[in-house]
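Engineer: Input target-v2.tsv, format and content: TSV, C-alpha atoms.
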```
chain	number	residue	atom	x	y	z
A	1	MET	CA	-15.15	9.47	-6.38
A	2	LEU	CA	-16.15	10.18	-9.97
A	3	ASP	CA	-13.55	12.92	-10.36
A	4	ALA	CA	-10.81	11.25	-8.34
A	5	LEU	CA	-8.77	10.41	-11.44
A	6	ASN	CA	-8.71	14.09	-12.37
A	7	GLN	CA	-7.67	15.35	-8.93
A	8	ALA	CA	-4.05	14.23	-8.89
A	9	PRO	CA	-1.55	16.96	-7.92
A	10	ASP	CA	-0.45	19.00	-10.93
A	11	PHE	CA	3.24	18.05	-11.08
A	12	ALA	CA	5.41	17.81	-14.16
A	13	PRO	CA	6.99	14.38	-14.73
A	14	ALA	CA	10.39	15.56	-13.50
A	15	GLY	CA	12.63	18.56	-13.03
A	16	ALA	CA	12.24	21.78	-11.04
A	17	ASP	CA	8.73	21.03	-9.81
A	18	LEU	CA	10.11	18.19	-7.71
A	19	GLN	CA	12.87	20.19	-6.01
A	20	VAL	CA	12.29	20.34	-2.27
A	21	PRO	CA	14.09	22.11	0.59
A	22	ARG	CA	16.36	20.33	3.05
A	23	ALA	CA	15.09	20.46	6.62
A	24	ASP	CA	17.28	21.99	9.31
A	25	ASN	CA	16.11	19.42	11.88
A	26	THR	CA	15.40	15.71	11.70
A	27	ALA	CA	11.71	14.84	11.61
A	28	PRO	CA	10.34	12.68	14.45
A	29	ALA	CA	10.12	8.93	13.97
A	30	GLY	CA	6.83	7.73	12.55
A	31	VAL	CA	4.87	7.33	9.34
A	32	ILE	CA	3.79	9.85	6.71
A	33	ALA	CA	1.79	9.48	3.49
A	34	VAL	CA	2.57	11.34	0.28
A	35	ASP	CA	0.08	11.93	-2.52
A	36	LYS	CA	2.48	10.76	-5.22
A	37	PRO	CA	2.22	12.71	-8.47
A	38	LEU	CA	2.14	11.16	-11.91
A	39	GLY	CA	5.35	10.62	-13.82
A	40	VAL	CA	7.71	9.95	-10.91
A	41	THR	CA	8.82	6.73	-9.22
A	42	SER	CA	8.23	5.80	-5.61
A	43	HIS	CA	12.02	5.99	-5.17
A	44	ASP	CA	11.94	9.60	-6.41
A	45	VAL	CA	9.43	10.44	-3.68
A	46	VAL	CA	11.57	8.78	-1.00
A	47	ALA	CA	14.59	10.79	-2.18
A	48	ARG	CA	12.60	14.03	-1.71
A	49	LEU	CA	11.31	12.90	1.69
A	50	ARG	CA	14.88	12.33	2.87
A	51	ARG	CA	15.59	16.01	2.26
A	52	LEU	CA	12.31	17.15	3.79
A	53	ALA	CA	12.78	14.92	6.86
A	54	GLY	CA	16.48	15.69	7.33
A	55	THR	CA	17.45	12.01	7.44
A	56	ARG	CA	18.38	9.20	5.10
A	57	LYS	CA	16.39	6.70	7.15
A	58	VAL	CA	13.25	6.84	5.01
A	59	GLY	CA	11.52	3.95	3.25
A	60	HIS	CA	8.17	3.25	1.61
A	61	ALA	CA	5.53	0.51	1.60
A	62	GLY	CA	3.70	-0.56	-1.55
A	63	THR	CA	5.32	0.74	-4.72
A	64	LEU	CA	3.29	2.91	-7.10
A	65	ASP	CA	4.24	2.92	-10.79
A	66	PRO	CA	5.16	6.27	-12.41
A	67	ALA	CA	1.88	6.10	-14.36
A	68	ALA	CA	-0.13	5.91	-11.10
A	69	SER	CA	-0.80	8.59	-8.51
A	70	GLY	CA	-2.06	8.60	-4.95
A	71	VAL	CA	-1.22	7.37	-1.48
A	72	LEU	CA	2.38	6.28	-0.92
A	73	VAL	CA	3.05	5.41	2.72
A	74	ALA	CA	6.56	6.10	4.01
A	75	GLY	CA	8.34	5.49	7.29
A	76	ILE	CA	10.81	7.87	8.94
A	77	GLY	CA	13.40	6.68	11.46
A	78	ARG	CA	11.98	3.84	13.57
A	79	GLY	CA	8.81	4.19	11.52
A	80	THR	CA	10.53	2.23	8.74
A	81	LYS	CA	10.29	-0.85	10.97
A	82	LEU	CA	6.50	-0.76	10.79
A	83	LEU	CA	6.34	-0.67	6.99
A	84	GLN	CA	6.23	-4.46	6.78
A	85	TYR	CA	2.90	-4.35	8.64
A	86	LEU	CA	1.52	-1.37	6.74
A	87	GLN	CA	2.38	-3.15	3.49
A	88	GLY	CA	-0.37	-5.66	4.15
A	89	GLN	CA	-3.17	-3.13	4.72
A	90	LYS	CA	-6.27	-2.89	2.51
A	91	LYS	CA	-5.94	-0.55	-0.46
A	92	THR	CA	-8.56	1.36	-2.43
A	93	TYR	CA	-8.04	2.46	-6.04
A	94	VAL	CA	-10.03	4.23	-8.70
A	95	THR	CA	-9.12	3.31	-12.26
A	96	ARG	CA	-10.24	4.04	-15.81
A	97	VAL	CA	-10.32	0.96	-18.03
A	98	CYS	CA	-10.24	1.12	-21.81
A	99	PHE	CA	-12.16	-1.84	-23.22
A	100	GLY	CA	-11.40	-2.91	-26.79
A	101	VAL	CA	-7.62	-2.44	-26.94
A	102	GLU	CA	-4.85	-4.46	-25.26
A	103	THR	CA	-1.25	-3.46	-24.50
A	104	ASP	CA	1.76	-5.54	-23.51
A	105	SER	CA	2.09	-3.79	-20.12
A	106	GLU	CA	-1.68	-3.80	-19.52
A	107	ASP	CA	-1.66	0.00	-19.12
A	108	ALA	CA	-1.35	3.08	-21.32
A	109	GLU	CA	2.46	3.07	-21.05
A	110	GLY	CA	2.76	-0.11	-23.11
A	111	THR	CA	2.66	-0.98	-26.78
A	112	ILE	CA	-0.68	-1.91	-28.33
A	113	THR	CA	-0.75	-5.64	-29.00
A	114	GLU	CA	-4.34	-6.22	-30.10
A	115	THR	CA	-7.33	-4.10	-31.16
A	116	ARG	CA	-10.52	-6.08	-30.83
A	117	GLY	CA	-12.80	-3.06	-30.47
A	118	ALA	CA	-15.69	-2.57	-28.06
A	119	THR	CA	-19.16	-1.02	-28.01
A	120	LEU	CA	-21.45	0.06	-25.18
A	121	ALA	CA	-23.42	-3.15	-25.70
A	122	ASP	CA	-20.30	-5.18	-24.86
A	123	LEU	CA	-20.39	-3.75	-21.32
A	124	ASP	CA	-23.91	-5.02	-20.64
A	125	ARG	CA	-22.28	-8.04	-18.99
A	126	LEU	CA	-19.79	-5.98	-16.95
A	127	GLU	CA	-21.64	-6.35	-13.62
A	128	SER	CA	-21.61	-10.12	-14.00
A	129	ALA	CA	-17.86	-10.00	-14.68
A	130	LEU	CA	-17.26	-7.75	-11.68
A	131	SER	CA	-19.25	-10.09	-9.45
A	132	SER	CA	-17.00	-13.01	-10.36
A	133	TRP	CA	-13.98	-11.14	-8.96
A	134	ARG	CA	-15.43	-10.14	-5.59
A	135	GLY	CA	-14.19	-12.12	-2.60
A	136	GLN	CA	-11.24	-14.49	-2.39
A	137	VAL	CA	-9.97	-15.27	-5.89
A	138	MET	CA	-6.84	-16.39	-7.71
A	139	GLN	CA	-5.13	-13.82	-9.90
A	140	VAL	CA	-2.29	-14.10	-12.40
A	141	PRO	CA	-0.12	-11.00	-11.74
A	142	SER	CA	0.96	-8.71	-14.54
A	143	ALA	CA	4.22	-9.78	-16.20
A	144	PHE	CA	5.19	-6.09	-16.20
A	145	SER	CA	5.62	-6.07	-12.42
A	146	ALA	CA	8.31	-5.87	-9.75
A	147	LEU	CA	7.73	-9.48	-8.71
A	148	LYS	CA	11.00	-11.40	-8.65
A	149	ILE	CA	11.55	-14.46	-10.81
A	150	ARG	CA	14.80	-16.23	-9.98
A	151	GLY	CA	16.10	-13.05	-8.38
A	152	LYS	CA	15.21	-10.70	-11.25
A	153	ARG	CA	12.14	-8.49	-11.68
A	154	ALA	CA	9.55	-9.97	-14.02
A	155	ALA	CA	9.26	-6.68	-15.91
A	156	ASP	CA	13.02	-6.63	-16.57
A	157	ARG	CA	12.89	-10.17	-17.94
A	158	VAL	CA	10.01	-9.25	-20.26
A	159	ARG	CA	11.85	-6.17	-21.54
A	160	ALA	CA	14.91	-8.36	-22.19
A	161	GLY	CA	12.79	-10.50	-24.49
A	162	GLU	CA	12.36	-13.46	-22.15
A	163	GLU	CA	9.11	-15.40	-22.02
A	164	VAL	CA	7.75	-14.99	-18.50
A	165	ARG	CA	5.16	-17.26	-16.92
A	166	MET	CA	3.40	-15.82	-13.88
A	167	GLU	CA	1.77	-18.19	-11.42
A	168	PRO	CA	-1.70	-17.47	-9.96
A	169	ARG	CA	-1.76	-16.03	-6.44
A	170	PRO	CA	-4.57	-15.73	-3.89
A	171	ILE	CA	-5.97	-12.22	-3.38
A	172	THR	CA	-9.12	-10.74	-1.85
A	173	ILE	CA	-11.26	-8.08	-3.52
A	174	TYR	CA	-13.53	-6.57	-0.89
A	175	GLU	CA	-15.36	-4.13	-3.15
A	176	LEU	CA	-15.46	-3.73	-6.93
A	177	LEU	CA	-17.85	-1.11	-8.29
A	178	SER	CA	-18.59	0.73	-11.53
A	179	LEU	CA	-18.41	4.52	-11.24
A	180	GLY	CA	-20.68	6.45	-13.57
A	181	GLU	CA	-21.71	5.39	-17.03
A	182	PRO	CA	-19.46	3.88	-19.72
A	183	LYS	CA	-18.34	6.25	-22.47
A	184	ALA	CA	-17.69	5.34	-26.08
A	185	GLY	CA	-14.51	6.59	-27.72
A	186	GLU	CA	-11.79	5.73	-30.18
A	187	LEU	CA	-8.16	4.66	-29.78
A	188	ALA	CA	-5.72	3.78	-32.57
A	189	GLY	CA	-8.60	3.89	-35.06
A	190	THR	CA	-10.54	1.35	-33.00
A	191	PRO	CA	-13.89	1.88	-31.23
A	192	VAL	CA	-13.40	1.54	-27.46
A	193	VAL	CA	-15.40	2.04	-24.27
A	194	TYR	CA	-14.04	3.73	-21.15
A	195	GLN	CA	-15.36	2.76	-17.73
A	196	ASP	CA	-14.26	3.96	-14.28
A	197	LEU	CA	-14.05	1.39	-11.48
A	198	GLU	CA	-13.40	1.54	-7.75
A	199	VAL	CA	-11.48	-1.37	-6.21
A	200	THR	CA	-10.83	-2.14	-2.54
A	201	CYS	CA	-8.48	-5.08	-2.30
A	202	SER	CA	-5.83	-6.93	-0.35
A	203	ALA	CA	-2.12	-6.35	-0.68
A	204	GLY	CA	-0.66	-8.13	-3.70
A	205	THR	CA	-3.60	-7.32	-5.99
A	206	TYR	CA	-2.66	-6.03	-9.46
A	207	VAL	CA	-5.33	-3.66	-10.75
A	208	ARG	CA	-3.77	-3.75	-14.22
A	209	ALA	CA	-4.22	-7.52	-14.26
A	210	LEU	CA	-7.81	-7.09	-13.10
A	211	GLY	CA	-8.52	-4.77	-16.05
A	212	ARG	CA	-6.89	-7.30	-18.37
A	213	ASP	CA	-9.02	-10.15	-17.05
A	214	LEU	CA	-12.27	-8.19	-17.18
A	215	GLY	CA	-11.56	-7.34	-20.81
A	216	ASN	CA	-10.93	-10.98	-21.62
A	217	GLN	CA	-14.13	-12.04	-19.84
A	218	LEU	CA	-16.10	-9.62	-22.01
A	219	GLY	CA	-14.28	-10.85	-25.10
A	220	VAL	CA	-12.93	-7.43	-26.10
A	221	GLY	CA	-9.62	-7.08	-24.26
A	222	ALA	CA	-8.72	-4.08	-22.09
A	223	HIS	CA	-5.99	-2.01	-20.48
A	224	LEU	CA	-5.82	0.71	-17.84
A	225	VAL	CA	-5.51	4.33	-18.94
A	226	ALA	CA	-5.41	5.83	-15.43
A	227	LEU	CA	-4.88	4.59	-11.88
A	228	ARG	CA	-5.09	6.46	-8.58
A	229	ARG	CA	-4.65	4.96	-5.10
A	230	LEU	CA	-7.15	6.60	-2.76
A	231	LYS	CA	-6.46	4.77	0.49
A	232	VAL	CA	-3.91	2.55	2.20
A	233	GLY	CA	-5.05	1.37	5.60
A	234	SER	CA	-5.52	4.50	7.74
A	235	PHE	CA	-4.22	6.93	5.09
A	236	SER	CA	-6.25	8.58	2.33
A	237	VAL	CA	-6.02	11.38	-0.22
A	238	ASN	CA	-7.86	14.68	0.18
A	239	GLY	CA	-11.50	14.70	-0.82
A	240	VAL	CA	-12.16	11.02	-0.09
A	241	ALA	CA	-14.74	9.99	2.52
A	242	ARG	CA	-12.47	8.44	5.13
A	243	SER	CA	-14.05	7.55	8.46
A	244	ASP	CA	-11.77	4.49	8.50
A	245	ALA	CA	-8.74	6.43	7.21
A	246	PRO	CA	-8.20	9.47	9.46
A	247	TYR	CA	-4.70	10.35	8.26
A	248	ASN	CA	-4.17	12.53	5.23
A	249	ALA	CA	-1.74	12.08	2.35
A	250	TYR	CA	0.11	15.30	1.47
A	251	SER	CA	1.50	16.51	-1.83
A	252	LEU	CA	5.23	17.22	-2.07
A	253	ALA	CA	4.33	20.87	-2.61
A	254	GLU	CA	2.44	20.98	0.70
A	255	LEU	CA	5.30	19.31	2.57
A	256	SER	CA	7.83	21.64	0.95
A	257	GLY	CA	5.79	24.63	2.07
A	258	LEU	CA	5.75	23.41	5.66
A	259	VAL	CA	9.51	22.88	5.77
A	260	THR	CA	10.22	26.22	4.07
A	261	ALA	CA	8.08	27.96	6.70
A	262	GLY	CA	10.05	26.26	9.48
A	263	GLY	CA	7.26	23.87	10.42
A	264	GLU	CA	7.38	20.13	11.14
A	265	LEU	CA	6.27	17.39	8.82
A	266	PRO	CA	2.84	15.96	9.74
A	267	VAL	CA	4.31	12.63	10.83
A	268	VAL	CA	1.95	10.13	12.45
A	269	SER	CA	3.69	8.94	15.62
A	270	LEU	CA	4.62	5.34	16.37
A	271	ASP	CA	2.09	5.40	19.22
A	272	GLN	CA	-0.75	6.29	16.85
A	273	ILE	CA	0.26	3.78	14.17
A	274	CYS	CA	0.63	0.95	16.70
A	275	GLN	CA	-2.83	1.75	18.11
A	276	HIS	CA	-4.27	1.16	14.63
A	277	LEU	CA	-2.28	-1.97	13.90
A	278	PHE	CA	-2.03	-3.90	17.18
A	279	PRO	CA	-3.71	-4.37	20.55
A	280	SER	CA	-1.52	-2.68	23.14
A	281	CYS	CA	-0.77	-3.23	26.82
A	282	GLN	CA	1.46	-1.62	29.41
A	283	VAL	CA	4.21	-3.80	30.90
A	284	THR	CA	6.63	-3.30	33.74
A	285	PRO	CA	10.15	-1.86	33.36
A	286	GLU	CA	11.46	-5.32	34.27
A	287	VAL	CA	9.72	-6.87	31.26
A	288	ILE	CA	11.07	-4.16	28.96
A	289	THR	CA	14.59	-4.64	30.31
A	290	ALA	CA	14.40	-8.42	29.88
A	291	LEU	CA	13.16	-8.12	26.29
A	292	GLY	CA	15.99	-5.68	25.61
A	293	TYR	CA	18.46	-8.37	26.66
A	294	GLY	CA	16.86	-10.88	24.32
A	295	GLN	CA	15.16	-12.78	27.14
A	296	ARG	CA	11.60	-14.13	27.23
A	297	PRO	CA	9.93	-12.70	30.35
A	298	ARG	CA	6.85	-14.35	31.79
A	299	ILE	CA	3.43	-12.91	30.90
A	300	ASP	CA	1.64	-11.62	33.99
A	301	SER	CA	-1.40	-13.80	34.66
A	302	GLN	CA	-3.73	-10.86	35.34
A	303	LEU	CA	-2.57	-9.15	32.13
A	304	ALA	CA	-3.14	-12.41	30.24
A	305	HIS	CA	-6.67	-12.56	31.64
A	306	ASP	CA	-7.37	-8.96	30.65
A	307	LEU	CA	-6.09	-9.56	27.11
A	308	GLY	CA	-7.80	-12.92	26.70
A	309	ILE	CA	-4.48	-14.74	26.27
A	310	ASN	CA	-4.52	-18.48	26.94
A	311	LEU	CA	-1.20	-19.19	28.64
A	312	GLU	CA	-1.65	-22.91	28.00
A	313	ASN	CA	-1.53	-22.39	24.24
A	314	THR	CA	1.88	-23.55	23.06
A	315	SER	CA	0.92	-24.81	19.59
A	316	SER	CA	1.30	-21.53	17.70
A	317	PRO	CA	2.26	-17.89	18.35
A	318	GLY	CA	-0.60	-15.59	19.24
A	319	ASN	CA	-1.42	-12.05	18.17
A	320	ILE	CA	1.22	-9.37	17.99
A	321	TYR	CA	0.92	-6.86	20.85
A	322	ALA	CA	2.45	-3.43	21.23
A	323	LEU	CA	4.07	-3.47	24.67
A	324	THR	CA	4.21	0.05	26.08
A	325	ASP	CA	6.01	1.74	28.93
A	326	SER	CA	4.30	3.78	31.66
A	327	SER	CA	3.96	6.77	29.28
A	328	GLY	CA	2.09	4.66	26.73
A	329	SER	CA	4.91	4.65	24.16
A	330	PRO	CA	5.36	1.34	22.31
A	331	ILE	CA	8.77	-0.14	23.11
A	332	PHE	CA	8.44	-3.66	21.72
A	333	LEU	CA	6.17	-5.65	19.47
A	334	ALA	CA	5.84	-9.09	21.00
A	335	GLN	CA	3.96	-12.36	20.68
A	336	GLN	CA	2.92	-14.97	23.19
A	337	ALA	CA	5.17	-18.03	23.36
A	338	GLY	CA	3.39	-20.23	25.87
A	339	SER	CA	3.58	-18.34	29.18
A	340	PHE	CA	6.25	-15.95	27.91
A	341	TRP	CA	6.68	-12.90	25.69
A	342	ARG	CA	8.76	-13.31	22.54
A	343	THR	CA	10.18	-10.18	20.90
A	344	VAL	CA	9.01	-9.51	17.34
A	345	LEU	CA	10.36	-5.97	16.89
A	346	ASN	CA	12.34	-3.52	19.03
A	347	LEU	CA	10.97	0.02	18.82
A	348	HIS	CA	13.03	1.49	21.64
A	349	PRO	CA	14.31	5.02	20.89
A	350	SER	CA	17.88	3.85	21.49
A	351	VAL	CA	17.76	1.83	18.26
A	352	ASP	CA	16.60	4.75	16.08
```
Have the structure of the file written as structure tokens, please.

Structural biologist:
Amino acid sequence: MLDALNQAPDFAPAGADLQVPRADNTAPAGVIAVDKPLGVTSHDVVARLRRLAGTRKVGHAGTLDPAASGVLVAGIGRGTKLLQYLQGQKKTYVTRVCFGVETDSEDAEGTITETRGATLADLDRLESALSSWRGQVMQVPSAFSALKIRGKRAADRVRAGEEVRMEPRPITIYELLSLGEPKAGELAGTPVVYQDLEVTCSAGTYVRALGRDLGNQLGVGAHLVALRRLKVGSFSVNGVARSDAPYNAYSLAELSGLVTAGGELPVVSLDQICQHLFPSCQVTPEVITALGYGQRPRIDSQLAHDLGINLENTSSPGNIYALTDSSGSPIFLAQQAGSFWRTVLNLHPSVD
């Protein structure tokens, strides 16, 4: 983990290094993760994936800023329908925080707004500060974010000179650890201290805002100078211990090489993704047909028993299940509605 910030793919910010071949055949429906390089937007990566996958039906979950690298999860074909569920998965980051200097964007891309300075002694209380952020907490998101305020991105309003007030939001930080020892340095003629952190958190957490708040707690201010996303749910970058994240994120260079050689993209199938996200059960062709017509077929009593579904529960919808055909392929995502199935999402190949 200590060197994770220095292991990002060696891509230039733009230009020829990001040119990719166009595939002759359309990639299968599913999900793929890209190890996004520094200096490009998430939209840039999607544009390249459309060429590599031979289809325009590509989308991504969980935007990464140009100044951040790491796991960017994308859906291809029907896989785009599952992005809303992948968006909410746990994420792990490694970041380098510069204590002693603040910027308006809370990262190294912004303009320095205050130089309070910091020494190694100032970080003696860091563990106490980290402890206060573990668990369920309220966080004020960064104003330089894609969050919408009255239909317009907060970052765009800030750049237009508007005063933006961000409201606190609930988040969960599962793990927050120091990596290695703090290192003294200098920035803009000011003594600073650099410290690497590892963060595992819920969706909606702003690591830049976390760095900002830690700096304020220590009384010295802070901003991020590097950020790398190591894991999103079941996807992780190379070199990361990943017993809970078996699927790899690939660089654009690796994917380009596969397509150039006539190979297929390493797409994780809908079956595999659904197995990770939802409990699954096989249903009869009659149930699949009824759901396809927008009907609510009855849940088989034996199946309900096997799944632990209480058919008398009508107060609220139950878990989402992946309903599969006889081959084990997920055809619908559905919830219990009393004694009946209610369609949540149609994954039938005919709607690809």

Engineer: Using only C-alpha atoms and a cutoff of 12 Å, can you tell me which residues are near (-20.6, -7.0, -15.8) in the file's coordinates, and write them out as a PyMOL selection string?

Structural biologist: chain A and resi 120-134+176-178+182+195+197+214-219

Engineer: Considering all atoms listed in the file, can you say which of A:Thr119, A:Ser42, A:Ser301, A:Thr103 comes closest to Arg208 in chain A?

Structural biologist: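 Checking each candidate against Arg208 in chain A, we get A:Thr103 as the closest.
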
Engineer: So, with all atoms listed in the file as the atoms that count, which of A:Thr26, A:Thr324, A:Thr95, A:Ser280 lies closest to Leu179 in chain A?

Structural biologist: A:Thr95

Engineer: Which polymer residues, whether protein, DNA or RNA, lie within 10 Å of the coordinate (-7.3, 4.9, -13.4) when you count only C-alpha atoms? List them as JSON, numbers by chain, using the chain letters and numbers from the file.

Structural biologist: {"A": [4, 5, 6, 67, 68, 69, 93, 94, 95, 96, 97, 98, 107, 195, 196, 197, 198, 207, 208, 223, 224, 225, 226, 227, 228, 229]}

Engineer: Using all atoms listed in the file, find the one residue out of A:Ala337, A:Leu277, A:Leu255, A:Cys201 that sits nearest to Gln295 in chain A.

Structural biologist: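 So, comparing all the options, the nearest one is A:Ala337.
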
Engineer: Give me the residues near Tyr174 in chain A as a ChimeraX atom specification, where near means some atom within 10 Å (using all atoms listed in the file) and where sequence neighbours in that chain fewer than 2 positions away do not count.

Structural biologist: /A:90-92,133-136,171-172,176,199-202

Engineer: Could you take the residues named above and write them with C-alpha atoms, as a PDB file, keeping the file's coordinate frame?

Structural biologist:
```
ATOM      1  CA  LYS A  90      -6.270  -2.890   2.510  1.00  0.00           C
ATOM      2  CA  LYS A  91      -5.940  -0.550  -0.460  1.00  0.00           C
ATOM      3  CA  THR A  92      -8.560   1.360  -2.430  1.00  0.00           C
ATOM      4  CA  TRP A 133     -13.980 -11.140  -8.960  1.00  0.00           C
ATOM      5  CA  ARG A 134     -15.430 -10.140  -5.590  1.00  0.00           C
ATOM      6  CA  GLY A 135     -14.190 -12.120  -2.600  1.00  0.00           C
ATOM      7  CA  GLN A 136     -11.240 -14.490  -2.390  1.00  0.00           C
ATOM      8  CA  ILE A 171      -5.970 -12.220  -3.380  1.00  0.00           C
ATOM      9  CA  THR A 172      -9.120 -10.740  -1.850  1.00  0.00           C
ATOM     10  CA  LEU A 176     -15.460  -3.730  -6.930  1.00  0.00           C
ATOM     11  CA  VAL A 199     -11.480  -1.370  -6.210  1.00  0.00           C
ATOM     12  CA  THR A 200     -10.830  -2.140  -2.540  1.00  0.00           C
ATOM     13  CA  CYS A 201      -8.480  -5.080  -2.300  1.00  0.00           C
ATOM     14  CA  SER A 202      -5.830  -6.930  -0.350  1.00  0.00           C
TER      15      SER A 202
END
```

Engineer: Within 8 Å of Lys81 in chain A, counting all atoms listed in the file, which residues show up once you throw out same-chain ones fewer than 6 positions away? Write them as a PDB file with C-alpha atoms, in the frame of the given file, please.

Structural biologist:
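This is the output file part14.pdb:
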```pdb
ATOM      1  CA  GLY A  75       8.340   5.490   7.290  1.00  0.00           C
ATOM      2  CA  LEU A 345      10.360  -5.970  16.890  1.00  0.00           C
ATOM      3  CA  LEU A 347      10.970   0.020  18.820  1.00  0.00           C
TER       4      LEU A 347
END
```

Engineer: Quick one, how far is CA of Thr314 in chain A from CA of Pro279 in chain A?

Structural biologist: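 Taking CA of Thr314 in chain A as the start and CA of Pro279 in chain A as the end point, the length is 20.1 Å.
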
Engineer: If I take CA of His348 in chain A and CA of Asn319 in chain A, how far is one from the other in Å, to one decimal?

Structural biologist: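 Separating CA of His348 in chain A from CA of Asn319 in chain A is a distance of 20.1 Å.
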
Engineer: Some atoms are missing, so please complete range 176-195 of chain A with N, CA and C atoms and return it as a JSON list (two decimals), keeping the file's coordinate frame.

Structural biologist:
```
[["chain", "number", "residue", "atom", "x", "y", "z"],
["A", 176, "LEU", "N", -15.79, -3.98, -5.52],
["A", 176, "LEU", "CA", -15.46, -3.73, -6.93],
["A", 176, "LEU", "C", -16.71, -3.14, -7.57],
["A", 177, "LEU", "N", -16.66, -1.85, -7.87],
["A", 177, "LEU", "CA", -17.85, -1.11, -8.29],
["A", 177, "LEU", "C", -17.60, -0.32, -9.57],
["A", 178, "SER", "N", -18.63, -0.19, -10.39],
["A", 178, "SER", "CA", -18.59, 0.73, -11.53],
["A", 178, "SER", "C", -18.87, 2.14, -11.02],
["A", 179, "LEU", "N", -18.18, 3.12, -11.58],
["A", 179, "LEU", "CA", -18.41, 4.52, -11.24],
["A", 179, "LEU", "C", -18.91, 5.24, -12.48],
["A", 180, "GLY", "N", -20.14, 5.74, -12.43],
["A", 180, "GLY", "CA", -20.68, 6.45, -13.57],
["A", 180, "GLY", "C", -21.01, 5.53, -14.73],
["A", 181, "GLU", "N", -21.31, 6.14, -15.85],
["A", 181, "GLU", "CA", -21.71, 5.39, -17.03],
["A", 181, "GLU", "C", -20.52, 5.19, -17.98],
["A", 182, "PRO", "N", -20.52, 4.09, -18.73],
["A", 182, "PRO", "CA", -19.46, 3.88, -19.72],
["A", 182, "PRO", "C", -19.55, 4.92, -20.83],
["A", 183, "LYS", "N", -18.38, 5.24, -21.41],
["A", 183, "LYS", "CA", -18.34, 6.25, -22.47],
["A", 183, "LYS", "C", -17.64, 5.69, -23.69],
["A", 184, "ALA", "N", -18.28, 5.81, -24.82],
["A", 184, "ALA", "CA", -17.69, 5.34, -26.08],
["A", 184, "ALA", "C", -16.62, 6.30, -26.55],
["A", 185, "GLY", "N", -15.59, 5.76, -27.19],
["A", 185, "GLY", "CA", -14.51, 6.59, -27.72],
["A", 185, "GLY", "C", -13.78, 5.86, -28.82],
["A", 186, "GLU", "N", -12.59, 6.35, -29.12],
["A", 186, "GLU", "CA", -11.79, 5.73, -30.18],
["A", 186, "GLU", "C", -10.32, 5.79, -29.79],
["A", 187, "LEU", "N", -9.60, 4.72, -30.06],
["A", 187, "LEU", "CA", -8.16, 4.66, -29.78],
["A", 187, "LEU", "C", -7.50, 3.86, -30.89],
["A", 188, "ALA", "N", -6.46, 4.44, -31.49],
["A", 188, "ALA", "CA", -5.72, 3.78, -32.57],
["A", 188, "ALA", "C", -6.66, 3.34, -33.69],
["A", 189, "GLY", "N", -7.66, 4.19, -33.98],
["A", 189, "GLY", "CA", -8.60, 3.89, -35.06],
["A", 189, "GLY", "C", -9.59, 2.80, -34.71],
["A", 190, "THR", "N", -9.67, 2.44, -33.42],
["A", 190, "THR", "CA", -10.54, 1.35, -33.00],
["A", 190, "THR", "C", -11.60, 1.88, -32.04],
["A", 191, "PRO", "N", -12.86, 1.47, -32.19],
["A", 191, "PRO", "CA", -13.89, 1.88, -31.23],
["A", 191, "PRO", "C", -13.63, 1.23, -29.87],
["A", 192, "VAL", "N", -13.65, 2.03, -28.81],
["A", 192, "VAL", "CA", -13.40, 1.54, -27.46],
["A", 192, "VAL", "C", -14.46, 2.09, -26.52],
["A", 193, "VAL", "N", -14.49, 1.55, -25.32],
["A", 193, "VAL", "CA", -15.40, 2.04, -24.27],
["A", 193, "VAL", "C", -14.57, 2.25, -23.00],
["A", 194, "TYR", "N", -14.73, 3.42, -22.40],
["A", 194, "TYR", "CA", -14.04, 3.73, -21.15],
["A", 194, "TYR", "C", -15.01, 3.58, -19.98],
["A", 195, "GLN", "N", -14.53, 2.93, -18.92],
["A", 195, "GLN", "CA", -15.36, 2.76, -17.73],
["A", 195, "GLN", "C", -14.49, 2.94, -16.48]]
```
